[in-house]
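Taking it in order: structure first as structure tokens, then the write-up.
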Amino acid sequence: MSPQINRHVSAPPTSPPFTSHDIGTTEAHWDCYLDALPPLFPPTLTITTLSSPRAVVVAPHPDDEVLGAGATMFDLCRAGWDVRVVVVSDGDNSHPGAEGLGHQRQLESSQAAAWLGVTHPVQFLGFSDGNLPGHRQEISAQLLDILDGSALVIGPWRNDGHPDHAATAMALEHACACAILAPEACVWQYAIWAWHWARPSDFALERTGAVDVSQAAQHAKQQAIEMFQSQITDHFGATILPPAVLSHFRRSREVFWC
Ligand SMILES: [Zn+2]
């Protein structure tokens with residue numbers, strides 16, 4: 001998640017301008033939508049020849065990976081998957097000019113990943129927060145080197161309504177098309193801001209599914225979210241993730257476009 005607090009986001013045509021402090025769509029509006037989604041499963045049954053299948057989770061900013069897929073990451077780790085986390089920017093534009101923010105956000109992301117069971121260090125690509133649309137080709141090239149052999153790739157949804165999320169999604173889509181993924185690999189995309197600005201009627205259901213995560217994973221995800229103090233408190237300025245936004249990330253199902 002990042003910046004755009006108290007100012008409008010330049011968003012794709014499908015999303016209106018929004019800020020994280022708008023009233024937004026309440027979580028209750030999504031209940032029926034979530035119940036209707038078909039269950040989604042990692043491709044474990046089709047890759048029996050791999051002892052430790054690899055999943056790569058890509059985030060535009062530190063925290064998107066946990067908000068979008070934290071519980072799934074936890075369950076994958078517990079199931080023996082080799083989970084890697086890649087964060088494209090250090091997120092220092094959530095509070096422009098705040099000293100030490102980029103380092104703090106990297107630390108938060110690293111601690112959260114470790115809490116969820118990820119044993120590899122989080123890989124930070126170091127692109128400039130807020131400027132990812134201008135670096136799609138470079139991002140895609142770096143992701144390509146990381147993706148080879150992966151059986152599951154998880155990243156942001158291109159229609160999420162945030163320019164950095166859209167740019168990362170498009171860079172990742174291109175990298176996936178060029179990479180040598182494992183046989184029958186899956187590519188899933190998570191939404192962050194769309195839960196806030198969109199309505200259920202805005203979404204097509206055909207390409208959407210939901211992973212039913214364990215109770216332990218739900219609990220671990222909430223604890224991981226608490227580690228993003230720079231975003232959920234006003235320590236660096238305005239709170240980026242107020243309770244209404246966070247309410248979308250306490251679900252028992254994590255939704256992915258696939
Ligand atoms: Zn983000």
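So you can find residues: chains in the structure tokens are A, B, ... in the order shown, residues in each start at 1, and ligands are numbered from 1 in order.
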Ligand 1: which residues are within 10 Å, counting only C-alpha atoms and all ligand atoms? Reply as a PDB file with N, CA and C atoms, in the first residue's frame.
ATOM      1  N   MET A   1       0.858  -1.165   0.000  1.00  0.00           N
ATOM      2  CA  MET A   1       0.000   0.000   0.000  1.00  0.00           C
ATOM      3  C   MET A   1       0.894   1.213   0.000  1.00  0.00           C
ATOM      4  N   SER A   2       0.577   2.245  -0.413  1.00  0.00           N
ATOM      5  CA  SER A   2       1.344   3.471  -0.322  1.00  0.00           C
ATOM      6  C   SER A   2       0.592   4.502  -1.076  1.00  0.00           C
ATOM      7  N   PRO A   3       1.074   5.505  -1.394  1.00  0.00           N
ATOM      8  CA  PRO A   3       1.042   6.814  -0.779  1.00  0.00           C
ATOM      9  C   PRO A   3      -0.371   7.378  -0.774  1.00  0.00           C
ATOM     10  N   GLN A   4      -0.587   8.380  -1.507  1.00  0.00           N
ATOM     11  CA  GLN A   4      -1.901   8.924  -1.847  1.00  0.00           C
ATOM     12  C   GLN A   4      -2.807   9.177  -0.663  1.00  0.00           C
ATOM     13  N   ALA A  59       5.048  -7.687  -4.466  1.00  0.00           N
ATOM     14  CA  ALA A  59       4.299  -6.548  -3.920  1.00  0.00           C
ATOM     15  C   ALA A  59       4.867  -5.246  -4.476  1.00  0.00           C
ATOM     16  N   PRO A  60       4.008  -4.290  -4.834  1.00  0.00           N
ATOM     17  CA  PRO A  60       4.506  -2.966  -5.238  1.00  0.00           C
ATOM     18  C   PRO A  60       5.154  -2.229  -4.078  1.00  0.00           C
ATOM     19  N   HIS A  61       4.537  -2.320  -2.882  1.00  0.00           N
ATOM     20  CA  HIS A  61       5.016  -1.629  -1.685  1.00  0.00           C
ATOM     21  C   HIS A  61       5.075  -2.626  -0.520  1.00  0.00           C
ATOM     22  N   PRO A  62       5.928  -2.373   0.462  1.00  0.00           N
ATOM     23  CA  PRO A  62       5.951  -3.259   1.628  1.00  0.00           C
ATOM     24  C   PRO A  62       4.617  -3.184   2.371  1.00  0.00           C
ATOM     25  N   ASP A  63       3.935  -4.232   2.459  1.00  0.00           N
ATOM     26  CA  ASP A  63       2.648  -4.523   3.131  1.00  0.00           C
ATOM     27  C   ASP A  63       1.627  -5.096   2.178  1.00  0.00           C
ATOM     28  N   ASP A  64       1.722  -4.778   0.870  1.00  0.00           N
ATOM     29  CA  ASP A  64       0.744  -5.327  -0.074  1.00  0.00           C
ATOM     30  C   ASP A  64       0.767  -6.854  -0.078  1.00  0.00           C
ATOM     31  N   GLU A  65       1.966  -7.434   0.075  1.00  0.00           N
ATOM     32  CA  GLU A  65       2.072  -8.896   0.030  1.00  0.00           C
ATOM     33  C   GLU A  65       1.321  -9.540   1.193  1.00  0.00           C
ATOM     34  N   LEU A  67      -1.204  -7.974   3.091  1.00  0.00           N
ATOM     35  CA  LEU A  67      -2.630  -7.667   2.980  1.00  0.00           C
ATOM     36  C   LEU A  67      -3.295  -8.559   1.929  1.00  0.00           C
ATOM     37  N   GLY A  68      -2.616  -8.737   0.810  1.00  0.00           N
ATOM     38  CA  GLY A  68      -3.229  -9.465  -0.287  1.00  0.00           C
ATOM     39  C   GLY A  68      -3.142 -10.974  -0.184  1.00  0.00           C
ATOM     40  N   VAL A  87       9.581  -7.278  -3.122  1.00  0.00           N
ATOM     41  CA  VAL A  87       8.914  -5.984  -2.969  1.00  0.00           C
ATOM     42  C   VAL A  87       9.585  -4.988  -3.911  1.00  0.00           C
ATOM     43  N   VAL A  88       8.786  -4.387  -4.776  1.00  0.00           N
ATOM     44  CA  VAL A  88       9.349  -3.607  -5.880  1.00  0.00           C
ATOM     45  C   VAL A  88       9.888  -2.256  -5.413  1.00  0.00           C
ATOM     46  N   SER A  89       9.196  -1.567  -4.496  1.00  0.00           N
ATOM     47  CA  SER A  89       9.672  -0.277  -3.976  1.00  0.00           C
ATOM     48  C   SER A  89       9.807  -0.366  -2.462  1.00  0.00           C
ATOM     49  N   GLY A  91       8.518   1.922  -0.497  1.00  0.00           N
ATOM     50  CA  GLY A  91       7.317   2.523   0.068  1.00  0.00           C
ATOM     51  C   GLY A  91       7.520   3.848   0.775  1.00  0.00           C
ATOM     52  N   SER A  94       4.785   6.944   1.122  1.00  0.00           N
ATOM     53  CA  SER A  94       3.529   6.978   1.885  1.00  0.00           C
ATOM     54  C   SER A  94       3.475   8.248   2.742  1.00  0.00           C
ATOM     55  N   ASP A 129       9.140   4.557  -5.087  1.00  0.00           N
ATOM     56  CA  ASP A 129       7.712   4.521  -4.745  1.00  0.00           C
ATOM     57  C   ASP A 129       6.991   5.681  -5.431  1.00  0.00           C
ATOM     58  N   GLY A 130       5.914   5.367  -6.117  1.00  0.00           N
ATOM     59  CA  GLY A 130       5.134   6.378  -6.810  1.00  0.00           C
ATOM     60  C   GLY A 130       5.524   6.553  -8.265  1.00  0.00           C
ATOM     61  N   PRO A 156      -0.028  -8.224  -7.666  1.00  0.00           N
ATOM     62  CA  PRO A 156      -1.204  -7.329  -7.643  1.00  0.00           C
ATOM     63  C   PRO A 156      -2.048  -7.453  -8.909  1.00  0.00           C
ATOM     64  N   ASP A 160      -6.499  -2.570  -9.863  1.00  0.00           N
ATOM     65  CA  ASP A 160      -6.666  -2.235  -8.451  1.00  0.00           C
ATOM     66  C   ASP A 160      -6.873  -0.740  -8.205  1.00  0.00           C
ATOM     67  N   HIS A 162      -4.533   1.728  -8.364  1.00  0.00           N
ATOM     68  CA  HIS A 162      -3.334   2.444  -7.921  1.00  0.00           C
ATOM     69  C   HIS A 162      -2.283   2.295  -9.027  1.00  0.00           C
ATOM     70  N   PRO A 163      -1.708   3.394  -9.500  1.00  0.00           N
ATOM     71  CA  PRO A 163      -0.768   3.305 -10.625  1.00  0.00           C
ATOM     72  C   PRO A 163       0.410   2.356 -10.375  1.00  0.00           C
ATOM     73  N   ASP A 164       0.957   2.363  -9.165  1.00  0.00           N
ATOM     74  CA  ASP A 164       2.076   1.461  -8.877  1.00  0.00           C
ATOM     75  C   ASP A 164       1.630  -0.005  -8.911  1.00  0.00           C
ATOM     76  N   HIS A 165       0.418  -0.255  -8.456  1.00  0.00           N
ATOM     77  CA  HIS A 165      -0.090  -1.633  -8.472  1.00  0.00           C
ATOM     78  C   HIS A 165      -0.314  -2.085  -9.909  1.00  0.00           C
ATOM     79  N   ALA A 166      -0.881  -1.198 -10.715  1.00  0.00           N
ATOM     80  CA  ALA A 166      -1.116  -1.547 -12.123  1.00  0.00           C
ATOM     81  C   ALA A 166       0.202  -1.792 -12.844  1.00  0.00           C
ATOM     82  N   THR A 168       3.108  -2.711 -11.569  1.00  0.00           N
ATOM     83  CA  THR A 168       3.714  -3.960 -11.104  1.00  0.00           C
ATOM     84  C   THR A 168       2.990  -5.158 -11.707  1.00  0.00           C
ATOM     85  N   ALA A 191      -6.245  -8.045  -5.015  1.00  0.00           N
ATOM     86  CA  ALA A 191      -6.644  -6.630  -4.964  1.00  0.00           C
ATOM     87  C   ALA A 191      -6.383  -6.086  -3.567  1.00  0.00           C
ATOM     88  N   ILE A 192      -6.063  -4.810  -3.502  1.00  0.00           N
ATOM     89  CA  ILE A 192      -5.930  -4.122  -2.216  1.00  0.00           C
ATOM     90  C   ILE A 192      -6.929  -2.960  -2.168  1.00  0.00           C
ATOM     91  N   TRP A 193      -6.706  -1.980  -3.015  1.00  0.00           N
ATOM     92  CA  TRP A 193      -7.543  -0.779  -2.985  1.00  0.00           C
ATOM     93  C   TRP A 193      -8.917  -0.995  -3.582  1.00  0.00           C
TER      94      TRP A 193
END
Give me the residues of region 182-242 of chain A that have any atom at most 12 Å from an atom of region 105-126 of chain A; for each, the nearest atom pair and the distance in Å, rounded to one decimal. Use only C-alpha atoms, sort by chain and number, and format it as a Markdown table.
| residue | atom | partner | partner_atom | distance |
| --- | --- | --- | --- | --- |
| A:Ala216 | CA | A:Leu116 | CA | 10.2 |
| A:Ala217 | CA | A:Leu116 | CA | 8.0 |
| A:Gln218 | CA | A:Leu116 | CA | 10.4 |
| A:His219 | CA | A:Leu116 | CA | 10.1 |
| A:Ala220 | CA | A:Leu116 | CA | 6.4 |
| A:Lys221 | CA | A:Leu116 | CA | 7.2 |
| A:Gln222 | CA | A:Ala112 | CA | 10.0 |
| A:Gln223 | CA | A:Ala112 | CA | 8.2 |
| A:Ala224 | CA | A:Ala112 | CA | 4.7 |
| A:Ile225 | CA | A:Ala112 | CA | 7.3 |
| A:Glu226 | CA | A:Ala112 | CA | 8.7 |
| A:Met227 | CA | A:Glu108 | CA | 5.7 |
| A:Phe228 | CA | A:Glu108 | CA | 5.4 |
| A:Gln229 | CA | A:Glu108 | CA | 7.7 |
| A:Ser230 | CA | A:Arg105 | CA | 6.9 |
| A:Gln231 | CA | A:Arg105 | CA | 8.7 |
| A:Ile232 | CA | A:Glu108 | CA | 11.6 |
| A:Phe236 | CA | A:Arg105 | CA | 11.1 |
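Among A:Ala28, A:Val187, A:Ile154, A:Ala141, the residue with the shortest atom-to-atom distance to Val66 (chain A), counting only C-alpha atoms, is A:Ile154.
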Write out as a PyMOL selection string each polymer residue whose atoms come within 12 Å of His174 (chain A), counting only C-alpha atoms; drop sequence neighbours fewer than 2 positions from it. chain A and resi 136-144+147+167-172+176-179+187
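By only C-alpha atoms, and with residues fewer than 3 positions from Glu254 (chain A) along its chain excluded, the set lying at most 7 Å from it is Ala69, Ala210, Val211, Asp212 and Arg251 of chain A.
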Just give me the gap between CA of Arg207 (chain A) and CA of Gly155 (chain A) in Å, one decimal is fine. 14.9 Å
Of the listed residues A:Arg84, A:His196, A:Ala238, A:Thr72, that which approaches Gln215 (chain A) most closely, counting only C-alpha atoms: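 Selected residue with least distance to Gln215 (chain A): A:Thr72.
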Just the residues within 12 Å of Arg199 (chain A), please, counting only C-alpha atoms, with nothing from its chain fewer than 4 positions along; format it as number ranges by chain. A: 14-16, 24-33, 193-195, 203-204
Mind writing the picked residues with C-alpha atoms as a short mmCIF file (atom, residue, chain, number, x, y, z; two decimals), in the first residue's frame?
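Writing done, so here's selection_39.cif:
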data_model
loop_
_atom_site.label_atom_id
_atom_site.label_comp_id
_atom_site.auth_asym_id
_atom_site.auth_seq_id
_atom_site.Cartn_x
_atom_site.Cartn_y
_atom_site.Cartn_z
CA THR A 14 -12.56 1.61 -14.05
CA SER A 15 -11.86 3.26 -10.69
CA PRO A 16 -12.89 6.68 -9.42
CA GLY A 24 -15.46 3.46 0.86
CA THR A 25 -17.26 0.16 0.45
CA THR A 26 -17.89 -1.57 3.74
CA GLU A 27 -16.81 -5.15 4.24
CA ALA A 28 -20.47 -6.14 4.71
CA HIS A 29 -21.06 -5.27 1.05
CA TRP A 30 -18.58 -7.94 0.02
CA ASP A 31 -19.99 -10.81 2.14
CA CYS A 32 -22.34 -12.30 -0.45
CA TYR A 33 -19.78 -11.81 -3.18
CA TRP A 193 -7.54 -0.78 -2.98
CA ALA A 194 -10.37 -2.16 -5.12
CA TRP A 195 -12.03 -3.54 -1.97
CA PHE A 203 -16.23 -7.22 -10.89
CA ALA A 204 -16.58 -10.10 -13.32
#
So which bits of region 132-229 of chain A end up helix (DSSP H, G or I) when you DSSP the backbone, as JSON, numbers by chain? {"A": [132, 133, 134, 135, 136, 137, 138, 139, 140, 141, 142, 143, 144, 145, 146, 147, 163, 164, 165, 166, 167, 168, 169, 170, 171, 172, 173, 174, 175, 176, 177, 178, 194, 195, 196, 197, 200, 201, 202, 215, 216, 217, 218, 219, 220, 221, 222, 223, 224, 225, 226, 229]}
Just N, CA and C atoms for this one: save the residues we selected as a compact mmCIF listing (two decimals), in the first residue's frame.
# COMPACT_ATOMS: atom_id res chain seq x y z
N LEU A 132 6.54 3.75 -10.33
CA LEU A 132 6.70 2.44 -10.96
C LEU A 132 6.20 2.39 -12.40
N PRO A 133 5.17 3.17 -12.79
CA PRO A 133 4.73 3.09 -14.19
C PRO A 133 5.84 3.45 -15.18
N GLY A 134 6.81 4.25 -14.76
CA GLY A 134 7.90 4.62 -15.66
C GLY A 134 9.02 3.60 -15.72
N HIS A 135 8.89 2.50 -14.97
CA HIS A 135 9.98 1.53 -14.89
C HIS A 135 9.50 0.10 -15.14
N ARG A 136 8.41 -0.02 -15.89
CA ARG A 136 7.84 -1.36 -16.07
C ARG A 136 8.81 -2.34 -16.70
N GLN A 137 9.55 -1.90 -17.69
CA GLN A 137 10.45 -2.83 -18.38
C GLN A 137 11.56 -3.31 -17.45
N GLU A 138 12.13 -2.39 -16.68
CA GLU A 138 13.21 -2.80 -15.75
C GLU A 138 12.67 -3.72 -14.66
N ILE A 139 11.48 -3.40 -14.18
CA ILE A 139 10.88 -4.26 -13.15
C ILE A 139 10.64 -5.66 -13.71
N SER A 140 10.10 -5.69 -14.91
CA SER A 140 9.81 -6.98 -15.54
C SER A 140 11.10 -7.79 -15.72
N ALA A 141 12.17 -7.13 -16.13
CA ALA A 141 13.44 -7.84 -16.35
C ALA A 141 13.96 -8.44 -15.05
N GLN A 142 13.83 -7.69 -13.95
CA GLN A 142 14.32 -8.21 -12.67
C GLN A 142 13.44 -9.36 -12.18
N LEU A 143 12.13 -9.23 -12.38
CA LEU A 143 11.23 -10.30 -11.96
C LEU A 143 11.47 -11.58 -12.76
N LEU A 144 11.79 -11.41 -14.01
CA LEU A 144 12.01 -12.57 -14.88
C LEU A 144 13.10 -13.47 -14.31
N ASP A 145 14.16 -12.88 -13.81
CA ASP A 145 15.25 -13.68 -13.25
C ASP A 145 14.82 -14.45 -12.00
N ILE A 146 13.82 -13.91 -11.31
CA ILE A 146 13.41 -14.50 -10.03
C ILE A 146 12.37 -15.60 -10.23
N LEU A 147 11.59 -15.51 -11.30
CA LEU A 147 10.42 -16.38 -11.46
C LEU A 147 10.72 -17.77 -11.96
N PRO A 163 -1.71 3.39 -9.50
CA PRO A 163 -0.77 3.30 -10.62
C PRO A 163 0.41 2.36 -10.38
N ASP A 164 0.96 2.36 -9.16
CA ASP A 164 2.08 1.46 -8.88
C ASP A 164 1.63 0.00 -8.91
N HIS A 165 0.42 -0.26 -8.46
CA HIS A 165 -0.09 -1.63 -8.47
C HIS A 165 -0.31 -2.08 -9.91
N ALA A 166 -0.88 -1.20 -10.71
CA ALA A 166 -1.12 -1.55 -12.12
C ALA A 166 0.20 -1.79 -12.84
N ALA A 167 1.19 -0.94 -12.59
CA ALA A 167 2.48 -1.09 -13.26
C ALA A 167 3.16 -2.39 -12.86
N THR A 168 3.11 -2.71 -11.57
CA THR A 168 3.71 -3.96 -11.10
C THR A 168 2.99 -5.16 -11.71
N ALA A 169 1.66 -5.07 -11.76
CA ALA A 169 0.88 -6.17 -12.34
C ALA A 169 1.27 -6.40 -13.80
N MET A 170 1.38 -5.33 -14.56
CA MET A 170 1.70 -5.48 -15.97
C MET A 170 3.14 -5.97 -16.16
N ALA A 171 4.06 -5.48 -15.33
CA ALA A 171 5.44 -5.96 -15.41
C ALA A 171 5.51 -7.44 -15.07
N LEU A 172 4.74 -7.85 -14.07
CA LEU A 172 4.74 -9.25 -13.65
C LEU A 172 4.09 -10.14 -14.72
N GLU A 173 3.01 -9.66 -15.31
CA GLU A 173 2.36 -10.44 -16.37
C GLU A 173 3.34 -10.69 -17.51
N HIS A 174 4.08 -9.68 -17.87
CA HIS A 174 5.06 -9.83 -18.95
C HIS A 174 6.16 -10.80 -18.55
N ALA A 175 6.62 -10.66 -17.32
CA ALA A 175 7.68 -11.56 -16.85
C ALA A 175 7.20 -13.00 -16.83
N CYS A 176 5.97 -13.22 -16.39
CA CYS A 176 5.41 -14.59 -16.35
C CYS A 176 5.32 -15.18 -17.75
N ALA A 177 4.99 -14.33 -18.71
CA ALA A 177 4.86 -14.81 -20.10
C ALA A 177 6.22 -15.22 -20.67
N CYS A 178 7.29 -14.63 -20.16
CA CYS A 178 8.63 -14.91 -20.68
C CYS A 178 9.38 -15.93 -19.83
N ALA A 194 -9.06 -1.95 -4.48
CA ALA A 194 -10.37 -2.16 -5.12
C ALA A 194 -11.44 -2.53 -4.09
N TRP A 195 -11.04 -3.21 -3.01
CA TRP A 195 -12.03 -3.54 -1.97
C TRP A 195 -12.57 -2.27 -1.33
N HIS A 196 -11.81 -1.21 -1.42
CA HIS A 196 -12.18 0.06 -0.79
C HIS A 196 -13.04 0.92 -1.73
N TRP A 197 -12.64 1.02 -3.01
CA TRP A 197 -13.34 1.95 -3.90
C TRP A 197 -14.40 1.31 -4.77
N PRO A 200 -19.26 -4.70 -5.53
CA PRO A 200 -19.27 -6.07 -6.07
C PRO A 200 -19.72 -6.12 -7.53
N SER A 201 -20.64 -5.26 -7.92
CA SER A 201 -21.13 -5.29 -9.30
C SER A 201 -20.08 -4.85 -10.31
N ASP A 202 -18.98 -4.29 -9.83
CA ASP A 202 -17.93 -3.85 -10.74
C ASP A 202 -17.06 -5.00 -11.25
N GLN A 215 -7.47 -21.21 10.17
CA GLN A 215 -7.64 -20.25 11.28
C GLN A 215 -6.28 -19.76 11.77
N ALA A 216 -5.32 -20.67 11.79
CA ALA A 216 -3.97 -20.27 12.21
C ALA A 216 -3.41 -19.21 11.25
N ALA A 217 -3.70 -19.38 9.98
CA ALA A 217 -3.21 -18.41 8.98
C ALA A 217 -3.89 -17.06 9.15
N GLN A 218 -5.20 -17.08 9.42
CA GLN A 218 -5.90 -15.80 9.65
C GLN A 218 -5.29 -15.07 10.84
N HIS A 219 -5.03 -15.82 11.89
CA HIS A 219 -4.47 -15.23 13.11
C HIS A 219 -3.07 -14.69 12.84
N ALA A 220 -2.26 -15.47 12.16
CA ALA A 220 -0.89 -15.04 11.87
C ALA A 220 -0.89 -13.80 10.98
N LYS A 221 -1.82 -13.75 10.04
CA LYS A 221 -1.89 -12.58 9.16
C LYS A 221 -2.21 -11.32 9.95
N GLN A 222 -3.14 -11.43 10.89
CA GLN A 222 -3.48 -10.23 11.68
C GLN A 222 -2.28 -9.76 12.49
N GLN A 223 -1.53 -10.71 13.02
CA GLN A 223 -0.33 -10.32 13.77
C GLN A 223 0.72 -9.71 12.84
N ALA A 224 0.80 -10.24 11.62
CA ALA A 224 1.76 -9.69 10.65
C ALA A 224 1.36 -8.26 10.27
N ILE A 225 0.07 -8.01 10.10
CA ILE A 225 -0.39 -6.66 9.75
C ILE A 225 -0.02 -5.67 10.86
N GLU A 226 -0.08 -6.14 12.09
CA GLU A 226 0.28 -5.28 13.23
C GLU A 226 1.73 -4.81 13.17
N GLN A 229 3.63 -0.83 11.52
CA GLN A 229 3.27 0.31 12.36
C GLN A 229 3.35 1.63 11.61
